[in-house]
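Next comes work.txt, a file with compact mmCIF, C-alpha atoms.
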```
# COMPACT_ATOMS: atom_id res chain seq x y z
CA MET G 255 -23.15 -19.76 -18.18
CA ASP G 256 -24.37 -16.16 -18.13
CA LEU G 257 -21.44 -13.93 -19.14
CA THR G 258 -23.49 -10.82 -19.88
CA THR G 259 -22.30 -7.41 -18.78
CA ASN G 260 -23.33 -3.79 -19.14
CA TYR G 261 -20.63 -1.42 -20.31
CA MET G 262 -21.60 2.28 -20.39
CA GLY G 263 -25.13 1.37 -21.35
CA LEU G 264 -24.20 -1.25 -23.94
CA GLU G 265 -25.65 -4.66 -23.10
CA LEU G 266 -22.92 -7.11 -24.10
CA PRO G 267 -22.96 -10.93 -24.21
CA HIS G 268 -19.63 -11.01 -22.37
CA PRO G 269 -16.88 -8.50 -21.45
CA LEU G 270 -14.20 -9.49 -24.00
CA MET G 271 -13.39 -7.15 -26.87
CA PRO G 272 -10.33 -6.14 -28.86
CA GLY G 273 -8.79 -2.91 -27.68
CA ALA G 274 -7.70 -0.18 -30.05
CA SER G 275 -5.23 -1.72 -32.51
CA PRO G 276 -4.48 -2.03 -36.24
CA LEU G 277 -6.83 -5.04 -36.36
CA ALA G 278 -9.81 -2.71 -36.82
CA TYR G 279 -8.29 -1.27 -40.00
CA ASP G 280 -8.36 -4.73 -41.63
CA MET G 281 -11.90 -5.72 -42.57
CA GLY G 282 -10.86 -9.36 -42.75
CA ALA G 283 -9.60 -9.16 -39.17
CA VAL G 284 -12.84 -7.45 -38.09
CA ARG G 285 -14.84 -10.36 -39.51
CA ARG G 286 -12.53 -12.84 -37.76
CA LEU G 287 -13.04 -10.97 -34.49
CA GLU G 288 -16.79 -11.18 -34.97
CA ASP G 289 -16.52 -14.90 -35.73
CA ALA G 290 -14.45 -15.28 -32.56
CA GLY G 291 -17.34 -13.75 -30.61
CA ALA G 292 -15.94 -10.29 -29.78
CA ALA G 293 -18.44 -8.29 -27.74
CA ALA G 294 -17.58 -5.05 -29.57
CA ILE G 295 -15.01 -3.54 -31.91
CA VAL G 296 -12.83 -0.78 -30.49
CA MET G 297 -11.24 1.31 -33.23
CA PRO G 298 -7.81 2.96 -33.13
CA SER G 299 -7.79 6.69 -32.53
CA LEU G 300 -8.36 9.61 -34.79
CA PHE G 301 -5.66 11.97 -33.52
CA GLU G 302 -5.99 15.65 -32.78
CA GLU G 303 -2.89 16.21 -34.94
CA GLN G 304 -4.59 14.61 -37.94
CA VAL G 305 -7.61 16.87 -37.70
CA LEU G 306 -5.60 20.03 -37.05
CA ARG G 307 -3.23 19.28 -39.94
CA GLU G 308 -6.16 18.95 -42.30
CA GLN G 309 -7.80 22.10 -40.96
CA LEU G 310 -4.57 24.08 -41.36
CA ALA G 311 -3.99 22.70 -44.86
CA THR G 312 -7.56 23.59 -45.87
CA HIS G 313 -7.15 27.11 -44.52
CA ASP G 314 -3.79 27.41 -46.28
CA SER G 315 -5.35 26.54 -49.64
CA MET G 316 -8.11 29.13 -49.24
CA VAL G 317 -6.23 32.22 -48.06
CA SER G 318 -4.18 34.48 -50.29
CA GLN G 319 -0.98 34.24 -48.25
CA THR G 320 -0.52 30.59 -48.98
CA ASP G 321 2.81 30.29 -47.14
CA SER G 322 1.39 31.51 -43.83
CA PHE G 323 0.87 28.00 -42.42
CA ALA G 324 3.80 26.22 -44.02
CA GLU G 325 5.89 26.28 -40.86
CA ALA G 326 2.91 25.37 -38.68
CA LEU G 327 2.26 22.26 -40.75
CA ASP G 328 5.85 21.12 -40.22
CA TYR G 329 5.16 20.70 -36.50
CA PHE G 330 2.66 17.89 -37.15
CA PRO G 331 3.44 14.25 -37.98
CA ARG G 332 3.61 13.46 -41.69
CA ASN G 333 0.43 12.25 -43.35
CA ASP G 334 2.04 8.91 -44.14
CA GLU G 335 2.46 8.25 -40.39
CA PHE G 336 -1.33 7.85 -40.11
CA LYS G 337 -3.33 4.98 -41.56
CA LEU G 338 -6.30 7.19 -42.38
CA GLY G 339 -7.12 10.88 -42.64
CA PRO G 340 -10.14 12.32 -40.81
CA ASP G 341 -12.55 11.64 -43.70
CA GLY G 342 -11.10 8.18 -44.20
CA TYR G 343 -11.62 7.48 -40.50
CA LEU G 344 -15.31 8.32 -40.78
CA ASP G 345 -15.54 6.08 -43.85
CA LYS G 346 -13.95 3.26 -41.86
CA VAL G 347 -16.55 3.64 -39.09
CA GLN G 348 -19.28 3.29 -41.70
CA ALA G 349 -17.53 0.33 -43.34
CA ILE G 350 -17.20 -1.59 -40.06
CA LYS G 351 -20.83 -0.88 -39.16
CA SER G 352 -21.93 -2.17 -42.56
CA CYS G 353 -20.07 -5.48 -42.24
CA THR G 354 -20.80 -6.39 -38.62
CA ASP G 355 -23.64 -6.32 -36.13
CA LEU G 356 -21.24 -5.65 -33.25
CA PRO G 357 -21.20 -2.33 -31.39
CA VAL G 358 -18.44 -0.08 -32.76
CA ILE G 359 -16.51 2.09 -30.31
CA ALA G 360 -14.61 4.83 -32.13
CA SER G 361 -11.80 6.84 -30.56
CA LEU G 362 -10.49 10.40 -30.42
CA ASN G 363 -6.98 11.03 -29.11
CA GLY G 364 -5.68 14.39 -27.96
CA MET G 365 -5.06 16.78 -25.10
CA SER G 366 -6.46 20.19 -25.90
CA GLY G 367 -9.77 21.86 -26.60
CA GLY G 368 -10.72 23.15 -30.00
CA ARG G 369 -12.63 22.41 -33.14
CA TRP G 370 -11.10 18.96 -33.55
CA LEU G 371 -13.48 17.76 -30.84
CA GLU G 372 -16.34 18.43 -33.26
CA TYR G 373 -15.42 15.11 -34.84
CA ALA G 374 -17.28 13.42 -31.98
CA GLN G 375 -20.50 14.50 -33.64
CA LEU G 376 -19.28 13.38 -37.07
CA ILE G 377 -18.30 10.01 -35.63
CA GLU G 378 -21.81 9.65 -34.21
CA GLN G 379 -23.29 10.50 -37.62
CA ALA G 380 -21.03 7.87 -39.21
CA GLY G 381 -22.75 5.22 -37.08
CA ALA G 382 -20.51 4.58 -34.08
CA ASP G 383 -22.22 3.20 -30.97
CA ALA G 384 -19.84 4.76 -28.45
CA LEU G 385 -16.68 6.84 -28.25
CA GLU G 386 -13.39 6.50 -26.40
CA LEU G 387 -11.74 9.79 -25.59
CA ASN G 388 -8.06 8.97 -25.26
CA ILE G 389 -6.36 11.67 -23.19
CA TYR G 390 -2.62 11.47 -23.77
CA TYR G 391 -0.21 14.28 -23.04
CA ILE G 392 3.35 14.47 -21.72
CA ALA G 393 3.76 17.69 -19.74
CA MET G 394 7.17 19.21 -20.45
CA ASP G 395 6.41 22.86 -19.68
CA PRO G 396 7.33 23.69 -16.05
CA GLY G 397 4.55 26.26 -16.05
CA GLU G 398 1.85 23.62 -16.63
CA THR G 399 0.61 22.40 -13.29
CA GLY G 400 -1.24 19.16 -12.76
CA ARG G 401 -4.44 21.08 -12.08
CA ILE G 402 -4.17 22.86 -15.44
CA LEU G 403 -3.90 19.53 -17.25
CA GLU G 404 -6.80 18.03 -15.30
CA ASP G 405 -9.00 21.07 -15.92
CA ARG G 406 -8.28 20.81 -19.63
CA ALA G 407 -9.21 17.14 -19.71
CA VAL G 408 -12.42 17.74 -17.78
CA GLU G 409 -13.40 20.49 -20.21
CA MET G 410 -12.69 18.15 -23.15
CA VAL G 411 -15.11 15.61 -21.71
CA ARG G 412 -17.73 18.31 -21.10
CA THR G 413 -17.35 19.57 -24.69
CA VAL G 414 -17.65 16.12 -26.23
CA LYS G 415 -20.66 15.17 -24.11
CA GLY G 416 -22.29 18.44 -25.08
CA SER G 417 -21.97 17.68 -28.78
CA THR G 418 -22.96 14.01 -28.99
CA ARG G 419 -25.45 11.55 -27.53
CA LEU G 420 -22.91 8.74 -27.67
CA PRO G 421 -21.74 7.16 -24.42
CA VAL G 422 -18.18 8.33 -23.82
CA ALA G 423 -15.38 6.36 -22.19
CA VAL G 424 -12.28 8.26 -21.08
CA LYS G 425 -9.06 6.32 -21.58
CA LEU G 426 -6.59 7.39 -18.90
CA SER G 427 -2.97 7.07 -17.95
CA PRO G 428 -2.09 6.22 -14.32
CA PHE G 429 0.08 9.31 -13.97
CA TYR G 430 -2.17 11.62 -11.99
CA THR G 431 -1.48 12.86 -8.47
CA SER G 432 -4.96 12.07 -7.16
CA LEU G 433 -6.62 9.67 -9.55
CA VAL G 434 -9.75 9.22 -7.42
CA ASP G 435 -10.45 12.94 -7.36
CA PHE G 436 -9.67 13.38 -11.06
CA THR G 437 -11.83 10.49 -12.21
CA GLY G 438 -14.67 11.78 -10.05
CA ARG G 439 -14.45 15.12 -11.84
CA LEU G 440 -14.48 13.37 -15.23
CA VAL G 441 -17.64 11.47 -14.30
CA GLU G 442 -19.27 14.69 -13.09
CA ALA G 443 -18.42 16.22 -16.48
CA GLY G 444 -20.31 13.38 -18.19
CA ALA G 445 -17.92 10.47 -18.67
CA ASP G 446 -19.90 7.22 -18.88
CA ALA G 447 -16.88 4.93 -18.48
CA LEU G 448 -13.20 4.92 -17.61
CA VAL G 449 -10.61 2.78 -19.41
CA ILE G 450 -7.76 1.73 -17.10
CA PHE G 451 -5.05 2.34 -18.41
CA ASN G 452 -3.62 3.66 -21.62
CA ARG G 453 -0.55 1.58 -22.39
CA PHE G 454 2.26 3.79 -23.64
CA TYR G 455 4.92 2.53 -26.00
CA GLN G 456 7.94 3.38 -23.88
CA PRO G 457 11.08 4.23 -25.85
CA ASP G 458 14.24 2.21 -25.31
CA ILE G 459 17.78 2.92 -26.52
CA ASP G 460 19.83 0.62 -28.72
CA VAL G 461 23.30 1.49 -27.43
CA GLU G 462 25.08 -0.16 -30.39
CA GLU G 463 23.01 1.30 -33.23
CA LEU G 464 22.35 4.59 -31.36
CA GLU G 465 18.66 4.39 -32.14
CA VAL G 466 15.52 4.83 -30.09
CA THR G 467 13.48 1.63 -30.25
CA ARG G 468 10.12 0.49 -28.89
CA VAL G 469 8.88 -2.72 -27.28
CA ASN G 470 5.28 -3.06 -28.37
CA LEU G 471 3.63 -6.10 -26.81
CA SER G 472 2.40 -6.26 -23.23
CA SER G 473 2.87 -8.95 -20.60
CA PRO G 474 0.48 -10.10 -17.83
CA SER G 475 2.68 -8.36 -15.24
CA GLU G 476 1.38 -5.03 -16.53
CA LEU G 477 -2.11 -5.97 -15.34
CA LEU G 478 -1.19 -5.58 -11.66
CA LEU G 479 -1.28 -1.77 -11.63
CA ARG G 480 -4.63 -1.87 -13.40
CA ILE G 481 -6.12 -4.37 -10.95
CA ARG G 482 -5.22 -2.13 -8.03
CA TRP G 483 -6.91 0.93 -9.51
CA LEU G 484 -9.92 -0.98 -10.76
CA ALA G 485 -10.45 -2.22 -7.20
CA ILE G 486 -10.14 1.31 -5.79
CA LEU G 487 -12.23 3.11 -8.40
CA SER G 488 -15.03 0.55 -8.60
CA CYS G 489 -16.41 1.78 -5.28
CA ARG G 490 -15.49 5.42 -5.76
CA VAL G 491 -17.00 6.46 -9.11
CA GLU G 492 -20.41 5.99 -10.69
CA ALA G 493 -19.19 4.84 -14.10
CA SER G 494 -18.45 1.67 -16.02
CA LEU G 495 -14.85 0.47 -15.90
CA ALA G 496 -12.82 -1.20 -18.63
CA VAL G 497 -9.35 -2.65 -18.34
CA THR G 498 -6.73 -2.64 -21.08
CA GLY G 499 -3.10 -3.68 -20.93
CA GLY G 500 -1.77 -7.04 -19.78
CA VAL G 501 -4.83 -9.25 -20.40
CA HIS G 502 -3.66 -12.49 -22.04
CA SER G 503 -5.62 -15.35 -20.44
CA GLU G 504 -8.89 -16.21 -18.71
CA ILE G 505 -7.20 -15.76 -15.31
CA ASP G 506 -6.35 -12.18 -16.28
CA VAL G 507 -10.01 -11.66 -17.14
CA VAL G 508 -11.15 -13.19 -13.82
CA LYS G 509 -8.80 -10.91 -11.87
CA SER G 510 -9.97 -7.83 -13.78
CA VAL G 511 -13.67 -8.56 -13.29
CA MET G 512 -13.14 -9.41 -9.62
CA ALA G 513 -11.47 -6.03 -9.19
CA GLY G 514 -14.42 -4.27 -10.80
CA ALA G 515 -14.09 -4.28 -14.59
CA HIS G 516 -17.25 -4.36 -16.71
CA ALA G 517 -15.32 -4.73 -19.98
CA VAL G 518 -11.98 -6.32 -20.78
CA GLN G 519 -9.93 -5.20 -23.78
CA MET G 520 -7.22 -7.33 -25.37
CA VAL G 521 -4.61 -6.20 -27.88
CA SER G 522 -1.16 -7.76 -27.56
CA ALA G 523 -2.48 -11.31 -27.11
CA LEU G 524 -4.63 -10.96 -30.25
CA LEU G 525 -1.77 -9.50 -32.27
CA GLU G 526 0.47 -12.36 -31.14
CA HIS G 527 -1.99 -15.26 -31.42
CA GLY G 528 -4.59 -13.94 -33.86
CA PRO G 529 -8.22 -12.84 -33.43
CA GLU G 530 -9.29 -16.42 -32.67
CA HIS G 531 -7.47 -16.23 -29.35
CA LEU G 532 -10.39 -14.18 -28.05
CA LEU G 533 -12.66 -17.20 -28.45
CA THR G 534 -10.15 -19.37 -26.60
CA VAL G 535 -10.06 -16.96 -23.67
CA ARG G 536 -13.85 -16.71 -23.58
CA GLU G 537 -14.27 -20.49 -23.54
CA ASP G 538 -11.58 -20.81 -20.85
CA LEU G 539 -13.34 -18.12 -18.81
CA GLU G 540 -16.65 -19.95 -18.99
CA ARG G 541 -14.96 -23.19 -17.98
CA TRP G 542 -13.27 -21.50 -15.01
CA LEU G 543 -16.57 -20.05 -13.79
CA VAL G 544 -18.29 -23.44 -14.02
CA ASP G 545 -15.42 -25.18 -12.23
CA HIS G 546 -15.57 -22.62 -9.41
CA GLU G 547 -19.37 -22.86 -9.15
CA TYR G 548 -20.26 -19.36 -10.26
CA GLU G 549 -23.69 -18.92 -11.81
CA SER G 550 -22.89 -15.76 -13.75
CA LEU G 551 -20.12 -13.29 -14.49
CA ARG G 552 -22.01 -10.60 -12.56
CA GLN G 553 -21.65 -12.69 -9.42
CA LEU G 554 -17.89 -12.35 -9.87
CA GLN G 555 -17.93 -8.63 -10.75
CA GLY G 556 -16.40 -6.44 -8.03
CA SER G 557 -16.10 -9.27 -5.53
CA MET G 558 -12.46 -8.33 -4.82
CA SER G 559 -12.83 -4.56 -5.01
CA LEU G 560 -11.57 -2.33 -2.22
CA GLU G 561 -15.05 -2.35 -0.75
CA ASN G 562 -15.66 -6.10 -0.91
CA CYS G 563 -12.33 -7.88 -0.55
CA PRO G 564 -11.50 -9.56 2.78
CA ASN G 565 -8.35 -7.45 3.28
CA PRO G 566 -8.75 -3.91 1.88
CA THR G 567 -5.33 -2.87 3.18
CA ALA G 568 -3.78 -5.04 0.46
CA TYR G 569 -4.57 -2.21 -1.97
CA GLU G 570 -3.27 0.51 0.34
CA ARG G 571 -0.04 1.72 1.93
CA ALA G 572 -0.36 -0.66 4.86
CA ASN G 573 0.39 -3.57 2.58
CA TYR G 574 3.48 -1.80 1.27
CA VAL G 575 4.79 -1.40 4.80
CA HIS G 576 3.95 -5.01 5.65
CA LEU G 577 5.81 -6.37 2.62
CA LEU G 578 8.92 -4.34 3.38
CA GLN G 579 8.97 -5.58 7.00
CA SER G 580 8.23 -9.22 6.21
CA TRP G 581 10.69 -9.81 3.35
CA GLU G 582 13.15 -12.61 4.10
CA TYR G 583 16.55 -13.02 2.48
```
Using the file provided, produce a representation of the structure as structure tokens.
Amino acid sequence: MDLTTNYMGLELPHPLMPGASPLAYDMGAVRRLEDAGAAAIVMPSLFEEQVLREQLATHDSMVSQTDSFAEALDYFPRNDEFKLGPDGYLDKVQAIKSCTDLPVIASLNGMSGGRWLEYAQLIEQAGADALELNIYYIAMDPGETGRILEDRAVEMVRTVKGSTRLPVAVKLSPFYTSLVDFTGRLVEAGADALVIFNRFYQPDIDVEELEVTRVNLSSPSELLLRIRWLAILSCRVEASLAVTGGVHSEIDVVKSVMAGAHAVQMVSALLEHGPEHLLTVREDLERWLVDHEYESLRQLQGSMSLENCPNPTAYERANYVHLLQSWEY
């Protein structure tokens, strides 16, 4: 069975890869992922805050008024909250490249312009094959309009693409007023791929202990939002599409590819079942395709997108109205 796919110019033997997770920090886990047949290794992010903290600390050590940035540094997360510093991150890219033949997709995470974006070029020099630009920002200032945030993100993509030859995937949240328009602007700015969607660790409240807690692992139900937008965007933007969040089984992969995904990222299922689960899903996917008389994965790709599915209104408002009117109780 031909499972090959092209993801932002990378020719891959199949679409399955680990998404950004702590697995990439463990070289033993990286080797297990390679043994399980991962198509690529996606690294966790180097955060804007990490780079800016280091830049401020370096400046602080070089200027005469050494206390001038002390308060500024207090606004950033502590160093021990990050696995690696900026230099350590570049070393990790090199280490992974030296121990595997798989494509390595590094990641930058932030939501502002500035010199921290120069690390895209350093990541390329370290040997990465591609870059995910993870745009994550919670707008709390009433003076920041949606257009301001979108313009900032578009300029980030333009800056990164202007400084590196790496293919760049933009990892998005679903929380944009007009996602089709925004993603089109990102692609015009140079984005080679879109990752649908960033999965946020939503805080919960322990009412007995009076603590804020987090539920970390995903469930297949989270895939539904992603399927809808994959189906819509696959015929609206000229870019590769990846899905992340809620992929646990071969059926989840089939749905994602049918909707338009070129790459499928898994995290929670691999953390729960181990890197070898990726091989299980790949074998189950191949078996499903054979049983349903497909000759290749590409035959499946986009077959249930907004453009190709038998009932396009299922992705639109009409279906919402229909469901409300037809519910029986």
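Relative to atom CA of Phe429 of chain G, atom CA of Asp405 of chain G is found at 15.0 Å.
Around Arg468 of chain G, within 9 Å and counting all atoms listed in the file, the residues found are G:Tyr455, G:Gln456, G:Pro457, G:Asp458, G:Ile459, once anything fewer than 4 positions away on its own chain is removed.
Candidate residues G:Arg412, G:Arg369, G:Arg439, G:Arg285 were compared for distance to Cys353 of chain G, and the nearest is G:Arg285, using all atoms listed in the file.
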Residues near Trp370 of chain G, anyone? I mean within 9 Å using all atoms listed in the file, not counting same-chain ones fewer than 4 positions away, as a CSV table (one decimal) with C-alpha atoms, keeping the file's coordinate frame.
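Listing of part.csv after writing:
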```csv
chain,number,residue,atom,x,y,z
G,301,PHE,CA,-5.7,12.0,-33.5
G,302,GLU,CA,-6.0,15.6,-32.8
G,303,GLU,CA,-2.9,16.2,-34.9
G,304,GLN,CA,-4.6,14.6,-37.9
G,305,VAL,CA,-7.6,16.9,-37.7
G,306,LEU,CA,-5.6,20.0,-37.0
G,309,GLN,CA,-7.8,22.1,-41.0
G,374,ALA,CA,-17.3,13.4,-32.0
```
Separation of atom CA of Asn565 of chain G from atom CA of Ala485 of chain G, in Å and rounded to one decimal: 11.9 Å
Write out, as CSV, each residue of segment 385-409 of chain G that has an atom at most 12 Å from segment 265-274 of chain G, together with the closest pair of atoms and their distance in Å to one decimal, counting all atoms listed in the file, rows going by chain and rising number.
```
residue,atom,partner,partner_atom,distance
G:Leu385,CA,G:Ala274,CA,11.5
G:Glu386,CA,G:Ala274,CA,9.5
G:Leu387,CA,G:Ala274,CA,11.6
G:Asn388,CA,G:Ala274,CA,10.3
```
Keeping only C-alpha atoms, write the selected residues as a short mmCIF file (atom, residue, chain, number, x, y, z; two decimals), in the coordinates of the input.
```cif
data_model
loop_
_atom_site.label_atom_id
_atom_site.label_comp_id
_atom_site.auth_asym_id
_atom_site.auth_seq_id
_atom_site.Cartn_x
_atom_site.Cartn_y
_atom_site.Cartn_z
CA LEU G 385 -16.68 6.84 -28.25
CA GLU G 386 -13.39 6.50 -26.40
CA LEU G 387 -11.74 9.79 -25.59
CA ASN G 388 -8.06 8.97 -25.26
#
```
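Taking all atoms listed in the file into account, the protein, DNA and RNA residues within 12 Å of (-0.5, 7.4, -12.3) read Gly400, Leu426, Ser427, Pro428, Phe429, Tyr430, Thr431, Ser432, Leu433, Val434, Phe436, Thr437, Ile450, Phe451, Asn452, Arg453, Leu479, Arg480, Arg482 and Trp483 of chain G.
Restricting the calculation to all atoms listed in the file, the smallest distance between Gly381 of chain G and any of G:Val518, G:Leu543, G:Cys489, G:Ile350 is found for G:Ile350.
Nearest residue to Val449 of chain G among G:Val284, G:Ile505, G:Ala423, G:Val511 is G:Ala423, counting only C-alpha atoms.
The closest residue to Val521 of chain G, picked from G:Met410, G:Leu487, G:Met262, G:Leu277 and counting only C-alpha atoms, is G:Leu277.
Atom pair atom CA of Ala380 of chain G / atom CA of Ala278 of chain G: separated by 15.6 Å.
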Spatial neighbours of Lys351 of chain G, max dist 12 Å, all atoms listed in the file, sep filter under 2 positions, as a short mmCIF file (atom, residue, chain, number, x, y, z; two decimals) with C-alpha atoms, in the frame of the given file:
```
data_model
loop_
_atom_site.label_atom_id
_atom_site.label_comp_id
_atom_site.auth_asym_id
_atom_site.auth_seq_id
_atom_site.Cartn_x
_atom_site.Cartn_y
_atom_site.Cartn_z
CA ALA G 278 -9.81 -2.71 -36.82
CA MET G 281 -11.90 -5.72 -42.57
CA VAL G 284 -12.84 -7.45 -38.09
CA ARG G 285 -14.84 -10.36 -39.51
CA GLU G 288 -16.79 -11.18 -34.97
CA ALA G 294 -17.58 -5.05 -29.57
CA ILE G 295 -15.01 -3.54 -31.91
CA VAL G 296 -12.83 -0.78 -30.49
CA MET G 297 -11.24 1.31 -33.23
CA LEU G 344 -15.31 8.32 -40.78
CA ASP G 345 -15.54 6.08 -43.85
CA LYS G 346 -13.95 3.26 -41.86
CA VAL G 347 -16.55 3.64 -39.09
CA GLN G 348 -19.28 3.29 -41.70
CA ALA G 349 -17.53 0.33 -43.34
CA CYS G 353 -20.07 -5.48 -42.24
CA THR G 354 -20.80 -6.39 -38.62
CA ASP G 355 -23.64 -6.32 -36.13
CA LEU G 356 -21.24 -5.65 -33.25
CA PRO G 357 -21.20 -2.33 -31.39
CA VAL G 358 -18.44 -0.08 -32.76
CA ILE G 359 -16.51 2.09 -30.31
CA ALA G 360 -14.61 4.83 -32.13
CA ILE G 377 -18.30 10.01 -35.63
CA GLU G 378 -21.81 9.65 -34.21
CA GLN G 379 -23.29 10.50 -37.62
CA ALA G 380 -21.03 7.87 -39.21
CA GLY G 381 -22.75 5.22 -37.08
CA ALA G 382 -20.51 4.58 -34.08
CA ASP G 383 -22.22 3.20 -30.97
#
```
Taking (-6.1, -11.3, -20.8) in the coordinates of the supplied file, I want to know which residues reach to within 12 Å of it, counting all atoms listed in the file; could you give the answer as a PyMOL selection string? chain G and resi 269-273+472-478+497-511+517-524+531-536+538-539
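Of the residues under consideration (G:Ala293, G:Leu287, G:Leu362, G:Ala493), G:Ala293 shows the shortest atom-to-atom contact distance to Leu257 of chain G when counting all atoms listed in the file.
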Using the file's own x, y and z axes, what box holds all listed atoms of segment 285-289 of chain G with 8 Å on each side, keeping edges along x, y and z, and what are its centre and edge lengths in Å to one decimal, as lines of an AutoDock Vina configuration file?
```
center_x = -14.7
center_y = -12.6
center_z = -37.0
size_x = 20.3
size_y = 20.5
size_z = 21.0
```
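Residue nearest Leu300 of chain G, chosen from G:Glu372, G:Asp256, G:Glu547, G:Glu409 and counting all atoms listed in the file: G:Glu372.
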